[in-house]
Structure formats: structure tokens, C-alpha cells
file model10.tsv (TSV, C-alpha atoms)
chain	number	residue	atom	x	y	z
A	1	THR	CA	3.40	-12.47	-25.67
A	2	ILE	CA	0.05	-11.14	-24.45
A	3	HIS	CA	-3.35	-12.63	-25.28
A	4	ASP	CA	-6.77	-11.67	-23.84
A	5	GLY	CA	-5.15	-9.55	-21.15
A	6	LYS	CA	-2.92	-12.38	-19.92
A	7	ILE	CA	0.75	-13.17	-20.38
A	8	SER	CA	0.54	-16.13	-22.76
A	9	SER	CA	4.28	-16.86	-22.95
A	10	VAL	CA	7.60	-15.62	-21.61
A	11	GLY	CA	10.87	-16.55	-23.28
A	12	ASP	CA	14.18	-15.55	-24.77
A	13	ALA	CA	13.38	-13.99	-28.13
A	14	ARG	CA	16.75	-15.15	-29.43
A	15	ALA	CA	15.91	-18.80	-28.76
A	16	VAL	CA	12.13	-19.01	-29.13
A	17	LYS	CA	10.45	-18.95	-32.53
A	18	ILE	CA	6.98	-17.36	-32.62
A	19	ASP	CA	4.77	-16.55	-35.61
A	20	LEU	CA	4.61	-12.78	-35.14
A	21	THR	CA	2.11	-12.23	-37.93
A	22	ALA	CA	-0.70	-12.81	-35.43
A	23	TYR	CA	0.58	-10.13	-33.03
A	24	ASP	CA	1.16	-6.41	-32.86
A	25	VAL	CA	4.91	-6.17	-32.28
A	26	ILE	CA	6.52	-3.62	-29.94
A	27	ASN	CA	10.28	-3.33	-30.19
A	28	VAL	CA	11.76	-2.95	-26.70
A	29	THR	CA	15.33	-3.81	-27.60
A	30	GLY	CA	17.68	-2.40	-24.96
A	31	LYS	CA	14.79	-1.45	-22.65
A	32	HIS	CA	13.88	-2.79	-19.21
A	33	VAL	CA	10.63	-4.74	-18.75
A	34	TYR	CA	9.07	-5.02	-15.29
A	35	PRO	CA	5.85	-6.13	-13.62
A	36	GLY	CA	3.71	-3.10	-12.85
A	37	LEU	CA	4.44	-1.71	-9.40
A	38	ILE	CA	1.87	-2.22	-6.62
A	39	LEU	CA	1.28	0.52	-4.06
A	40	ALA	CA	-0.38	-0.68	-0.85
A	41	ASN	CA	-1.98	1.50	1.82
A	42	SER	CA	-2.86	4.57	-0.21
A	43	THR	CA	-5.62	7.20	-0.31
A	44	LEU	CA	-5.11	7.64	-4.04
A	45	GLY	CA	-8.42	8.48	-5.67
A	46	LEU	CA	-9.91	9.41	-2.29
A	47	VAL	CA	-8.14	12.77	-1.94
A	48	ASP	CA	-6.77	15.32	-4.39
A	49	ILE	CA	-5.72	18.27	-2.21
A	50	ASN	CA	-5.25	17.58	1.49
A	51	SER	CA	-5.87	21.18	2.49
A	52	VAL	CA	-9.24	21.30	0.67
A	53	ARG	CA	-11.91	19.45	2.63
A	54	ALA	CA	-14.17	19.01	-0.39
A	55	THR	CA	-11.52	16.83	-2.09
A	56	ARG	CA	-11.06	14.50	0.92
A	57	ASP	CA	-13.29	11.45	0.89
A	58	TYR	CA	-11.38	8.88	2.92
A	59	GLN	CA	-12.95	9.11	6.40
A	60	GLU	CA	-16.35	8.28	7.84
A	61	VAL	CA	-17.88	9.47	11.10
A	62	GLY	CA	-17.29	7.16	14.07
A	63	GLU	CA	-14.46	5.06	15.48
A	64	PHE	CA	-15.79	1.58	14.66
A	65	THR	CA	-16.80	1.53	10.98
A	66	PRO	CA	-15.40	-1.68	9.39
A	67	ASN	CA	-18.40	-1.75	7.03
A	68	VAL	CA	-17.28	1.43	5.22
A	69	ARG	CA	-16.10	0.51	1.70
A	70	SER	CA	-13.39	2.78	0.30
A	71	VAL	CA	-13.91	1.46	-3.22
A	72	ILE	CA	-17.17	3.33	-3.86
A	73	ALA	CA	-15.47	6.67	-3.16
A	74	TYR	CA	-12.61	6.02	-5.60
A	75	ASN	CA	-12.40	8.82	-8.18
A	76	THR	CA	-10.94	7.58	-11.45
A	77	ASP	CA	-10.75	11.18	-12.73
A	78	SER	CA	-8.30	12.28	-10.04
A	79	GLU	CA	-5.42	14.22	-11.57
A	80	VAL	CA	-3.06	12.59	-9.08
A	81	ILE	CA	-3.49	9.12	-10.60
A	82	PRO	CA	-1.46	9.75	-13.81
A	83	THR	CA	1.47	11.08	-11.75
A	84	LEU	CA	1.85	7.65	-10.13
A	85	ARG	CA	1.20	5.76	-13.35
A	86	PHE	CA	4.06	7.37	-15.25
A	87	ASN	CA	6.45	6.27	-12.50
A	88	GLY	CA	5.46	2.64	-12.98
A	89	ILE	CA	2.66	2.16	-10.40
A	90	LEU	CA	-0.30	0.33	-11.97
A	91	LEU	CA	-2.19	-1.05	-8.96
A	92	THR	CA	-3.01	0.47	-5.59
A	93	GLN	CA	-4.73	-0.59	-2.40
A	94	VAL	CA	-7.25	2.12	-1.55
A	95	VAL	CA	-7.46	2.44	2.24
A	96	PRO	CA	-9.87	4.43	4.44
A	97	ARG	CA	-8.57	6.55	7.32
A	98	GLY	CA	-9.87	7.78	10.65
A	99	GLY	CA	-11.19	6.19	13.83
A	100	ILE	CA	-10.03	2.80	15.09
A	101	PHE	CA	-11.70	0.37	12.67
A	102	SER	CA	-11.67	2.67	9.65
A	103	GLY	CA	-13.22	0.40	7.03
A	104	THR	CA	-12.53	-2.00	4.19
A	105	SER	CA	-9.92	-1.60	1.45
A	106	SER	CA	-9.86	-2.74	-2.17
A	107	VAL	CA	-7.16	-3.03	-4.83
A	108	MET	CA	-7.72	-0.76	-7.82
A	109	ALA	CA	-6.15	-0.54	-11.26
A	110	LEU	CA	-4.91	2.93	-12.17
A	111	ASP	CA	-7.11	3.12	-15.24
A	112	GLY	CA	-10.86	2.98	-15.77
A	113	TRP	CA	-13.98	5.03	-16.47
A	114	ASN	CA	-15.39	4.49	-12.98
A	115	TRP	CA	-14.67	2.54	-9.82
A	116	GLU	CA	-16.38	-0.57	-11.18
A	117	ASP	CA	-14.02	-0.54	-14.19
A	118	ALA	CA	-10.96	0.06	-12.01
A	119	ALA	CA	-11.77	-2.55	-9.35
A	120	TYR	CA	-9.11	-5.27	-9.31
A	121	ALA	CA	-9.71	-7.10	-6.00
A	122	LEU	CA	-12.69	-6.02	-3.91
A	123	ASP	CA	-12.95	-5.69	-0.12
A	124	GLY	CA	-9.89	-7.72	0.77
A	125	GLY	CA	-8.94	-6.16	4.10
A	126	ILE	CA	-10.18	-4.51	7.28
A	127	HIS	CA	-8.03	-1.70	8.70
A	128	ILE	CA	-7.46	-0.99	12.37
A	129	TYR	CA	-5.47	2.00	13.62
A	130	TRP	CA	-3.96	0.88	16.90
A	131	PRO	CA	-3.85	3.53	19.65
A	132	SER	CA	-0.44	4.98	20.40
A	133	TYR	CA	0.97	3.97	23.79
A	134	LEU	CA	2.94	7.23	24.07
A	135	SER	CA	1.90	10.79	23.40
A	136	ALA	CA	4.41	13.09	21.71
A	137	PRO	CA	5.59	16.16	23.66
A	138	LYS	CA	3.72	19.38	22.87
A	139	TRP	CA	6.69	21.46	21.86
A	140	TRP	CA	4.57	24.60	21.55
A	141	LEU	CA	3.92	24.31	25.29
A	142	GLY	CA	7.59	23.76	26.08
A	143	GLU	CA	7.22	20.00	26.68
A	144	THR	CA	10.20	17.77	25.91
A	145	ASP	CA	9.22	14.35	27.30
A	146	TRP	CA	6.99	11.67	25.84
A	147	LYS	CA	4.08	10.66	28.07
A	148	LYS	CA	1.91	7.58	28.35
A	149	ASN	CA	-1.35	7.98	26.48
A	150	GLU	CA	-3.93	8.14	29.27
A	151	ASP	CA	-6.62	6.68	27.00
A	152	TYR	CA	-4.51	3.72	25.83
A	153	ASP	CA	-5.93	1.10	28.20
A	154	LYS	CA	-9.49	2.29	27.64
A	155	LYS	CA	-9.16	2.18	23.84
A	156	THR	CA	-7.54	-1.27	23.76
A	157	GLN	CA	-10.31	-2.59	26.01
A	158	GLU	CA	-12.91	-1.21	23.60
A	159	ILE	CA	-11.09	-2.92	20.73
A	160	GLU	CA	-11.09	-6.28	22.51
A	161	GLU	CA	-14.79	-6.03	23.32
A	162	PHE	CA	-15.55	-5.24	19.69
A	163	LEU	CA	-13.46	-8.21	18.53
A	164	GLN	CA	-15.20	-10.54	20.98
A	165	ASN	CA	-18.60	-9.37	19.79
A	166	SER	CA	-17.65	-9.77	16.14
A	167	TRP	CA	-16.34	-13.30	16.72
A	168	SER	CA	-19.56	-14.26	18.51
A	169	TYR	CA	-21.62	-12.77	15.68
A	170	ALA	CA	-19.59	-14.67	13.08
A	171	GLN	CA	-20.50	-17.98	14.74
A	172	GLN	CA	-24.21	-17.41	14.00
A	173	GLU	CA	-25.31	-18.91	10.69
A	174	ASP	CA	-28.53	-16.91	10.54
A	175	PRO	CA	-28.53	-13.98	12.99
A	176	GLU	CA	-31.93	-12.67	13.98
A	177	GLU	CA	-30.83	-9.08	13.42
A	178	VAL	CA	-28.29	-8.14	10.75
A	179	ASN	CA	-25.50	-5.90	12.01
A	180	LEU	CA	-23.59	-4.29	9.12
A	181	LYS	CA	-20.44	-3.71	11.18
A	182	MET	CA	-20.32	-7.30	12.33
A	183	GLU	CA	-21.14	-8.58	8.83
A	184	ALA	CA	-18.06	-6.74	7.52
A	185	MET	CA	-15.89	-8.45	10.15
A	186	LYS	CA	-17.02	-11.98	9.19
A	187	GLY	CA	-14.45	-12.30	6.44
A	188	LEU	CA	-11.64	-12.11	9.01
A	189	TYR	CA	-12.72	-15.45	10.47
A	190	ASP	CA	-13.35	-17.43	7.29
A	191	GLY	CA	-10.20	-16.45	5.39
A	192	GLN	CA	-11.79	-14.02	2.96
A	193	LYS	CA	-10.20	-10.89	4.45
A	194	LYS	CA	-6.95	-9.81	6.06
A	195	MET	CA	-6.54	-7.59	9.08
A	196	TYR	CA	-4.21	-4.64	8.46
A	197	VAL	CA	-2.92	-3.23	11.74
A	198	HIS	CA	-1.57	0.30	11.48
A	199	ALA	CA	1.06	0.44	14.20
A	200	ASP	CA	4.59	1.87	14.49
A	201	GLY	CA	5.73	1.39	18.08
A	202	LYS	CA	7.12	-1.93	19.29
A	203	ARG	CA	4.52	-2.20	22.06
A	204	GLN	CA	1.74	-1.38	19.60
A	205	ILE	CA	2.91	-4.10	17.22
A	206	ILE	CA	3.27	-6.82	19.86
A	207	GLU	CA	0.04	-6.10	21.74
A	208	SER	CA	-2.06	-5.72	18.60
A	209	VAL	CA	-0.91	-9.02	17.10
A	210	GLN	CA	-1.37	-10.86	20.38
A	211	MET	CA	-4.89	-9.50	20.88
A	212	LEU	CA	-5.98	-10.27	17.34
A	213	LYS	CA	-4.71	-13.83	17.49
A	214	ARG	CA	-6.31	-14.28	20.90
A	215	ASN	CA	-9.64	-13.34	19.31
A	216	GLY	CA	-9.45	-15.69	16.34
A	217	ILE	CA	-7.83	-13.45	13.69
A	218	HIS	CA	-4.64	-14.92	12.24
A	219	ASP	CA	-4.21	-13.38	8.78
A	220	ILE	CA	-2.53	-10.17	9.95
A	221	VAL	CA	-0.39	-7.53	8.21
A	222	VAL	CA	1.45	-4.85	10.18
A	223	THR	CA	1.30	-1.53	8.34
A	224	GLY	CA	3.67	1.35	9.11
A	225	ALA	CA	6.08	-0.54	11.38
A	226	SER	CA	8.70	2.21	11.55
A	227	ASN	CA	10.07	0.55	14.73
A	228	ALA	CA	10.01	-2.97	13.30
A	229	TYR	CA	13.75	-3.27	13.94
A	230	TYR	CA	13.03	-3.83	17.63
A	231	VAL	CA	10.50	-6.63	17.10
A	232	MET	CA	11.96	-8.53	14.14
A	233	ASP	CA	12.09	-11.84	16.02
A	234	PHE	CA	8.47	-11.44	17.10
A	235	LEU	CA	7.33	-10.72	13.52
A	236	LYS	CA	9.29	-13.67	12.17
A	237	ASP	CA	8.05	-16.10	14.83
A	238	ASN	CA	4.44	-15.09	14.20
A	239	ASP	CA	4.83	-15.08	10.39
A	240	ILE	CA	3.62	-11.48	10.12
A	241	PRO	CA	4.29	-9.62	6.83
A	242	VAL	CA	5.07	-5.91	6.98
A	243	LEU	CA	4.10	-2.93	4.84
A	244	LEU	CA	6.98	-0.67	5.78
A	245	THR	CA	6.37	3.06	5.80
A	246	ASN	CA	8.39	5.71	3.95
A	247	VAL	CA	12.10	4.86	4.05
A	248	HIS	CA	13.01	8.42	2.99
A	249	ARG	CA	12.78	9.83	6.49
A	250	LEU	CA	14.80	10.59	9.58
A	251	PRO	CA	15.31	7.88	12.22
A	252	GLU	CA	12.73	7.60	15.01
A	253	PHE	CA	15.16	7.92	17.91
A	254	ASP	CA	18.33	9.92	18.59
A	255	GLU	CA	20.34	6.78	19.35
A	256	GLU	CA	19.59	5.16	15.99
A	257	ASP	CA	21.90	5.28	13.00
A	258	VAL	CA	21.08	8.20	10.75
A	259	ASP	CA	20.59	5.72	7.88
A	260	MET	CA	18.44	3.28	9.88
A	261	PRO	CA	15.30	3.88	7.72
A	262	PHE	CA	17.37	3.11	4.59
A	263	LYS	CA	18.76	-0.12	6.04
A	264	LEU	CA	15.56	-1.39	7.64
A	265	PRO	CA	14.07	-3.09	4.54
A	266	ALA	CA	17.22	-5.18	4.07
A	267	MET	CA	17.33	-6.07	7.78
A	268	LEU	CA	13.72	-7.30	7.73
A	269	VAL	CA	14.13	-9.24	4.47
A	270	LYS	CA	17.29	-10.97	5.71
A	271	LYS	CA	15.36	-11.95	8.83
A	272	GLY	CA	12.90	-13.81	6.60
A	273	ILE	CA	10.01	-11.33	6.85
A	274	THR	CA	7.87	-10.54	3.79
A	275	VAL	CA	8.16	-6.78	3.23
A	276	GLY	CA	6.39	-4.31	0.97
A	277	LEU	CA	7.15	-0.59	0.77
A	278	ILE	CA	4.55	2.14	1.24
A	279	HIS	CA	4.32	5.89	1.77
A	280	ASP	CA	2.18	6.71	4.80
A	281	ASP	CA	2.42	10.32	5.93
A	282	GLY	CA	-0.84	11.64	4.48
A	283	ASP	CA	0.81	13.00	1.33
A	284	VAL	CA	-0.60	10.86	-1.47
A	285	GLN	CA	1.31	12.81	-4.11
A	286	SER	CA	4.66	11.60	-2.73
A	287	SER	CA	3.58	7.98	-3.20
A	288	ARG	CA	4.83	8.29	-6.77
A	289	ASN	CA	8.36	7.84	-5.37
A	290	GLN	CA	7.70	4.22	-4.38
A	291	ALA	CA	10.13	2.84	-6.97
A	292	PHE	CA	12.88	5.05	-5.56
A	293	TYR	CA	12.27	3.74	-2.03
A	294	ALA	CA	13.12	0.32	-3.44
A	295	GLY	CA	16.17	1.85	-5.11
A	296	THR	CA	17.32	3.18	-1.74
A	297	ALA	CA	16.83	-0.28	-0.20
A	298	ALA	CA	19.02	-1.69	-2.98
A	299	ALA	CA	21.74	0.83	-2.12
A	300	TYR	CA	21.60	-0.16	1.56
A	301	GLY	CA	21.95	-3.91	1.66
A	302	LEU	CA	19.60	-5.57	-0.82
A	303	GLU	CA	20.29	-7.07	-4.23
A	304	LYS	CA	18.42	-5.31	-7.04
A	305	GLU	CA	16.13	-8.30	-7.61
A	306	GLU	CA	15.22	-8.45	-3.92
A	307	ALA	CA	14.63	-4.69	-3.84
A	308	LEU	CA	12.31	-4.94	-6.84
A	309	LYS	CA	10.24	-7.55	-4.98
A	310	LEU	CA	9.47	-4.93	-2.32
A	311	VAL	CA	7.23	-3.11	-4.81
A	312	THR	CA	6.03	-5.98	-7.02
A	313	SER	CA	5.73	-9.61	-5.90
A	314	ASN	CA	5.85	-8.98	-2.13
A	315	PRO	CA	2.94	-6.48	-2.10
A	316	ALA	CA	1.05	-8.90	-4.35
A	317	LYS	CA	1.51	-11.69	-1.78
A	318	ILE	CA	0.58	-9.42	1.11
A	319	LEU	CA	-2.57	-8.18	-0.65
A	320	GLY	CA	-3.54	-11.69	-1.72
A	321	ILE	CA	-3.35	-11.03	-5.47
A	322	ASP	CA	-0.10	-12.90	-6.23
A	323	LYS	CA	-1.93	-15.55	-8.29
A	324	THR	CA	-2.80	-12.92	-10.89
A	325	THR	CA	-0.04	-10.30	-10.75
A	326	GLY	CA	3.29	-9.26	-9.23
A	327	THR	CA	5.59	-11.20	-11.56
A	328	LEU	CA	6.01	-11.75	-15.29
A	329	GLU	CA	4.75	-15.31	-15.61
A	330	GLN	CA	2.61	-17.21	-18.05
A	331	GLY	CA	-1.06	-17.07	-17.10
A	332	LYS	CA	-0.85	-13.92	-15.00
A	333	ASP	CA	-2.44	-10.59	-15.91
A	334	ALA	CA	-0.35	-8.55	-18.30
A	335	ASN	CA	0.40	-5.70	-15.89
A	336	ILE	CA	3.66	-4.58	-17.43
A	337	VAL	CA	5.81	-1.46	-17.65
A	338	VAL	CA	8.70	-0.78	-20.02
A	339	SER	CA	11.35	1.70	-18.95
A	340	GLU	CA	14.20	3.24	-20.88
A	341	GLY	CA	16.50	2.46	-17.93
A	342	ASP	CA	16.50	1.16	-14.37
A	343	LEU	CA	13.00	1.66	-12.93
A	344	LEU	CA	14.39	2.05	-9.38
A	345	ASP	CA	16.74	4.89	-10.34
A	346	MET	CA	15.17	8.34	-10.62
A	347	ARG	CA	17.71	9.30	-13.29
A	348	THR	CA	16.71	6.50	-15.66
A	349	ASN	CA	13.09	5.79	-14.68
A	350	LYS	CA	11.59	6.90	-18.00
A	351	LEU	CA	8.54	4.85	-18.91
A	352	GLU	CA	7.77	4.25	-22.56
A	353	TYR	CA	4.90	1.75	-22.27
A	354	ALA	CA	2.49	0.57	-19.59
A	355	PHE	CA	-0.13	-2.17	-19.84
A	356	ILE	CA	-2.91	-3.04	-17.39
A	357	ARG	CA	-4.43	-6.44	-18.12
A	358	GLY	CA	-2.87	-6.24	-21.56
A	359	ARG	CA	-4.42	-2.87	-22.40
A	360	GLU	CA	-1.97	-0.09	-23.12
A	361	VAL	CA	-2.59	2.95	-20.92
A	362	THR	CA	-1.52	6.52	-21.44
A	363	LEU	CA	1.49	7.80	-19.54
A	364	GLU	CA	0.59	11.43	-19.96
A	365	GLY	CA	-0.50	13.53	-17.00
A	366	LYS	CA	-1.21	17.18	-16.37
A	367	GLN	CA	2.50	17.95	-16.00
A	368	GLN	CA	3.26	16.68	-19.49
A	369	MET	CA	0.33	18.56	-20.99
A	370	LEU	CA	1.46	21.81	-19.36
A	371	TYR	CA	5.01	21.17	-20.53
A	372	GLU	CA	3.90	20.79	-24.13
A	373	ARG	CA	1.67	23.86	-23.93
A	374	TYR	CA	4.32	26.20	-22.56
A	375	LYS	CA	7.12	24.70	-24.64
A	376	GLU	CA	5.23	25.89	-27.70
A	377	LYS	CA	4.52	29.28	-26.16
A	378	TYR	CA	8.12	30.06	-25.27
A	379	LYS	CA	9.95	28.16	-28.03
A	380	GLN	CA	11.20	31.45	-29.52

call {"tool": "encode", "arguments": {"input": "model10.tsv", "output": "C-alpha cells"}}
result
Amino acid sequence: TIHDGKISSVGDARAVKIDLTAYDVINVTGKHVYPGLILANSTLGLVDINSVRATRDYQEVGEFTPNVRSVIAYNTDSEVIPTLRFNGILLTQVVPRGGIFSGTSSVMALDGWNWEDAAYALDGGIHIYWPSYLSAPKWWLGETDWKKNEDYDKKTQEIEEFLQNSWSYAQQEDPEEVNLKMEAMKGLYDGQKKMYVHADGKRQIIESVQMLKRNGIHDIVVTGASNAYYVMDFLKDNDIPVLLTNVHRLPEFDEEDVDMPFKLPAMLVKKGITVGLIHDDGDVQSSRNQAFYAGTAAAYGLEKEEALKLVTSNPAKILGIDKTTGTLEQGKDANIVVSEGDLLDMRTNKLEYAFIRGREVTLEGKQQMLYERYKEKYKQ
């Protein structure tokens, strides 16, 4: 049952007696009921068409801009939002891009008149894009070998200096001059914010975590982590959760198994690492397939329940919102989806109902409207 936007009770309808006269009753016999899916690390609502500059609002000028708040650029009227909602995604972490310290992310509900209405958890994380140690070969120039990034040492030194300055600033109770960038970093030292490190390479992952911990930041999430297989012990020993990038891809290296990306979620979970699944290649439209990434993980080594956690309870824990969402439990927000079949299977993922904080939301997007329009036109 749902009351005031919360799940008021969960039970076996065959064994629990409830006075239904006080409720609106929805018959979901034979259907599948799930917590709403949670998509971390997304530019949803910040971009509509990547190739059109006027629709891109996810990047600020400068390399060190932790004070930039992605939430105020979130466009609730984006036509991309319904395409994720009707695949079961109800919450998303809106993340800025560009530079090294790109800004601050917030968790948004996929329904609302404006960003204030849609805000679910404000300013919970700072995002740092760690420099790549290697530069890819320029195939158009005939290059075939990877090279060391000549700016790597310089960039990492700049990062450490910025971290040292921000730590020193955070120790001042009443600074003489307010620095907005340093003010944004304060939450990393008092437990109010997490640091999301965007890194794929094994050296990137190890060096970034070590530097952050050395400078007083301990609540760290590695985002991307396509090479996490090579540093699983390090991640486990340091209790670092992972937001794992698109599993529907080719392996990173020639010597890897062709199905390595499919198996990687199961390998990390069995190692005892908290894992959430994301889509991180700049194509926000493809994020709608998040449920099917979990389905692939289930086909390659995970039980269905464990695979479902990759897109529900695990992202909730990683984003720090697990006390209010991520599972179907009494007292949590009623973020619920009802599917005709298995939500993780693209053949049977057919949503019939979706609720955000107990409020039913529409599952119709532009595709459905066009379908109905042209179905009528060509029905003869």
C-alpha cells in the first residue's frame, strides 16, 4: 500500500487482510513489480541533441569548476526524459562534463514542472575527470602505438595542489575571503558530498584513489572503470564502489575475452565490490537500455536478484539515497514500476504503471504519440 508518497506496507495479498475501501486499487495480478530504476552519471536533461550546440548545457568554461551546479540547468521538458521513463528509469544523477573538476551533481526525479520540482537529492557529489596516462594512436596519421600522455604529470600535480588548497580552506571556520570553488569542495571533508572519479585505466584508478585519500577525501566512487578487472583487489581493499560503464561494448584489449564486458559486473560483485551500471559514451539516448545491461549481467554470471540490484539498490547506496529509495520497503518513497514481464528482458519489458513518490506518471513519449498519429493515418 502507498500513503502520502511512501510505501506504507508490503505483504502477501493472499495472507494479509487490508480494508481496501480506503484505497484506490490497481490490479497487477500476474505482473512484475519493481523499485524504479536509478541511472547514475547521466547528462539527461542537460542535452537533447549532441550535434546541436544550443541543446548542450552540461559544460562550463575552465578546468577547475567544482562550484558549477548541474541541477539548475536541468530541463524537465526534454523529450529524451520520457524515453527513459517508459523503460523503468525513474531517478537519475545529473552530472556535468568537461575540464578536470567539472562541477556538482544532483539526483533528479524524471517528472516535474521545473528543476525545483524534480530535485530529489541536491548537490551530493563532486566530479573529477582524471587525466589519461596514455594517449590513443592517431590512426588518421598512420599511428598504431599508444603513447604516454606528455601532460599527465603536470595535470596530476595541478590536481594535488588544488586538493591541498581546498583542504586548507576547509579548515578555516570563517575565511576572510569567500572562494566559491573552495566552498563547493568543503562537503568532501565533512561527509556531505562524495567524490566521483571518472577513470578507466588501472593506473588512473589506483593513482586517483591514493591521491584523494592522501588529501583527506575518503568517500570515493570510481566511475567508468572499464579496466576494473585488473584492480579488483585494490578496489575491494579500499572499499571503493564502482559505477561501471556500458557493458554492451567490445573489450578494451585484444588479449581479453570477447565477452569480458558482459562478465565484468559478476566478477566485481563476487569480489565483494558494490557495483552500479551506467552508460557513459556521451549518448544520453542510449541510457534507456540500462535495464538490459543488468539483463546481460544476469546472463553472464549473476543471479537475477543480484543483477537487479545493479540498477536499483546498489546505485541508491552509491548515491547516498538508499534510506529513501532503491528497494520496496515500508517507509521508503513509493518509486515503483509495474511491468507486464521481466523488466531486464527487452522482449518483455513493457511498463504498465510507474509511480514517483506515490504519484502516477505518464509512460507516453513522443514515439508513442507519433505511433498513434500515423496508425490512424494509415489504418486503411

call {"tool": "residues_around", "arguments": {"input": "model10.tsv", "residues": "Ala307 of chain A", "least_positions_apart": "4", "cutoff": "9 Å", "atoms": "only C-alpha atoms", "output": "count of residues only"}}
result
12

call {"tool": "residues_around", "arguments": {"input": "model10.tsv", "residues": "Ala184 of chain A", "least_positions_apart": "5", "cutoff": "10 Å", "atoms": "all atoms listed in the file", "output": "ChimeraX atom specification"}}
result
/A:65-69,103-104,123,125-126,166,170,179,193

call {"tool": "write_last_selection", "arguments": {"input": "model10.tsv", "atoms": "C-alpha atoms", "output": "PDB file, in the frame of the given file"}}
result
ATOM      1  CA  THR A  65     -16.800   1.530  10.980  1.00  0.00           C
ATOM      2  CA  PRO A  66     -15.400  -1.680   9.390  1.00  0.00           C
ATOM      3  CA  ASN A  67     -18.400  -1.750   7.030  1.00  0.00           C
ATOM      4  CA  VAL A  68     -17.280   1.430   5.220  1.00  0.00           C
ATOM      5  CA  ARG A  69     -16.100   0.510   1.700  1.00  0.00           C
ATOM      6  CA  GLY A 103     -13.220   0.400   7.030  1.00  0.00           C
ATOM      7  CA  THR A 104     -12.530  -2.000   4.190  1.00  0.00           C
ATOM      8  CA  ASP A 123     -12.950  -5.690  -0.120  1.00  0.00           C
ATOM      9  CA  GLY A 125      -8.940  -6.160   4.100  1.00  0.00           C
ATOM     10  CA  ILE A 126     -10.180  -4.510   7.280  1.00  0.00           C
ATOM     11  CA  SER A 166     -17.650  -9.770  16.140  1.00  0.00           C
ATOM     12  CA  ALA A 170     -19.590 -14.670  13.080  1.00  0.00           C
ATOM     13  CA  ASN A 179     -25.500  -5.900  12.010  1.00  0.00           C
ATOM     14  CA  LYS A 193     -10.200 -10.890   4.450  1.00  0.00           C
TER      15      LYS A 193
END

call {"tool": "closest_residue", "arguments": {"input": "model10.tsv", "among": "A:Lys323, A:His3, A:Lys236, A:Lys304", "to": "Gly272 of chain A", "atoms": "only C-alpha atoms"}}
result
A:Lys236

call {"tool": "closest_atom_pairs", "arguments": {"input": "model10.tsv", "of": "segment 322-378 of chain A", "to": "segment 74-87 of chain A", "cutoff": "8 Å", "atoms": "all atoms listed in the file", "output": "tab-separated table"}}
result
residue	atom	partner	partner_atom	distance
A:Asn349	CA	A:Asn87	CA	7.0
A:Lys350	CA	A:Asn87	CA	7.6
A:Leu351	CA	A:Phe86	CA	6.3
A:Leu363	CA	A:Phe86	CA	5.0
A:Glu364	CA	A:Pro82	CA	6.7
A:Gly365	CA	A:Pro82	CA	5.0
A:Lys366	CA	A:Glu79	CA	7.0

call {"tool": "closest_residue", "arguments": {"input": "model10.tsv", "among": "A:Glu150, A:Thr362, A:Thr55, A:Val28", "to": "Leu134 of chain A", "atoms": "all atoms listed in the file"}}
result
A:Glu150

call {"tool": "residues_around", "arguments": {"input": "model10.tsv", "residues": "Ile206 of chain A", "least_positions_apart": "6", "cutoff": "10 Å", "atoms": "only C-alpha atoms", "output": "CSV table (one decimal) with C-alpha atoms, in the coordinates of the input"}}
result
chain,number,residue,atom,x,y,z
A,199,ALA,CA,1.1,0.4,14.2
A,231,VAL,CA,10.5,-6.6,17.1
A,234,PHE,CA,8.5,-11.4,17.1
A,235,LEU,CA,7.3,-10.7,13.5

call {"tool": "residues_around", "arguments": {"input": "model10.tsv", "residues": "Gln172 of chain A", "least_positions_apart": "5", "cutoff": "12 Å", "atoms": "all atoms listed in the file", "output": "list in words"}}
result
Asn165, Ser166, Trp167, Glu177, Val178, Asn179, Met182, Glu183 and Lys186 of chain A

call {"tool": "atom_distance", "arguments": {"input": "model10.tsv", "atom1": "atom CA of Asp237 of chain A", "atom2": "atom CA of Lys202 of chain A"}}
result
14.9 Å

call {"tool": "closest_residue", "arguments": {"input": "model10.tsv", "among": "A:Ile356, A:Val222, A:Ala73, A:Leu141", "to": "Asn335 of chain A", "atoms": "all atoms listed in the file"}}
result
A:Ile356

call {"tool": "closest_residue", "arguments": {"input": "model10.tsv", "among": "A:Lys147, A:Lys309, A:His279, A:Lys6", "to": "Thr245 of chain A", "atoms": "only C-alpha atoms"}}
result
A:His279

call {"tool": "closest_residue", "arguments": {"input": "model10.tsv", "among": "A:Thr348, A:Thr223, A:Ser42, A:Asn314", "to": "Gln285 of chain A", "atoms": "only C-alpha atoms"}}
result
A:Ser42

call {"tool": "residues_around", "arguments": {"input": "model10.tsv", "residues": "Trp130 of chain A", "least_positions_apart": "5", "cutoff": "8 Å", "atoms": "all atoms listed in the file", "output": "PyMOL selection string"}}
result
chain A and resi 100+197-199+204+208

call {"tool": "atom_distance", "arguments": {"input": "model10.tsv", "atom1": "atom CA of Tyr133 of chain A", "atom2": "atom CA of Asp233 of chain A"}}
result
20.8 Å

call {"tool": "residues_near_point", "arguments": {"input": "model10.tsv", "point": "(-1.5, -10.0, 17.4)", "cutoff": "10 Å", "atoms": "all atoms listed in the file", "output": "CSV table (one decimal) with C-alpha atoms, in the coordinates of the input"}}
result
chain,number,residue,atom,x,y,z
A,197,VAL,CA,-2.9,-3.2,11.7
A,204,GLN,CA,1.7,-1.4,19.6
A,205,ILE,CA,2.9,-4.1,17.2
A,206,ILE,CA,3.3,-6.8,19.9
A,207,GLU,CA,0.0,-6.1,21.7
A,208,SER,CA,-2.1,-5.7,18.6
A,209,VAL,CA,-0.9,-9.0,17.1
A,210,GLN,CA,-1.4,-10.9,20.4
A,211,MET,CA,-4.9,-9.5,20.9
A,212,LEU,CA,-6.0,-10.3,17.3
A,213,LYS,CA,-4.7,-13.8,17.5
A,214,ARG,CA,-6.3,-14.3,20.9
A,215,ASN,CA,-9.6,-13.3,19.3
A,216,GLY,CA,-9.4,-15.7,16.3
A,217,ILE,CA,-7.8,-13.4,13.7
A,218,HIS,CA,-4.6,-14.9,12.2
A,219,ASP,CA,-4.2,-13.4,8.8
A,220,ILE,CA,-2.5,-10.2,10.0
A,221,VAL,CA,-0.4,-7.5,8.2
A,222,VAL,CA,1.4,-4.8,10.2
A,235,LEU,CA,7.3,-10.7,13.5
A,238,ASN,CA,4.4,-15.1,14.2
A,240,ILE,CA,3.6,-11.5,10.1

call {"tool": "atom_distance", "arguments": {"input": "model10.tsv", "atom1": "atom CA of Gln171 of chain A", "atom2": "atom CA of Tyr189 of chain A"}}
result
9.2 Å

call {"tool": "closest_residue", "arguments": {"input": "model10.tsv", "among": "A:Val10, A:Ile321, A:Asp190, A:Phe253", "to": "Val33 of chain A", "atoms": "only C-alpha atoms"}}
result
A:Val10

call {"tool": "residues_near_point", "arguments": {"input": "model10.tsv", "point": "(1.3, -11.2, -10.8)", "cutoff": "9 Å", "atoms": "all atoms listed in the file", "output": "PyMOL selection string"}}
result
chain A and resi 35-36+312-313+316+321-329+331-335

call {"tool": "axis_aligned_box", "arguments": {"input": "model10.tsv", "around": "segment 62-79 of chain A", "padding_each_side": "3 Å", "output": "AutoDock Vina command-line options"}}
result
--center_x -11.9 --center_y 6.2 --center_z 1.4 --size_x 19.0 --size_y 22.0 --size_z 34.2
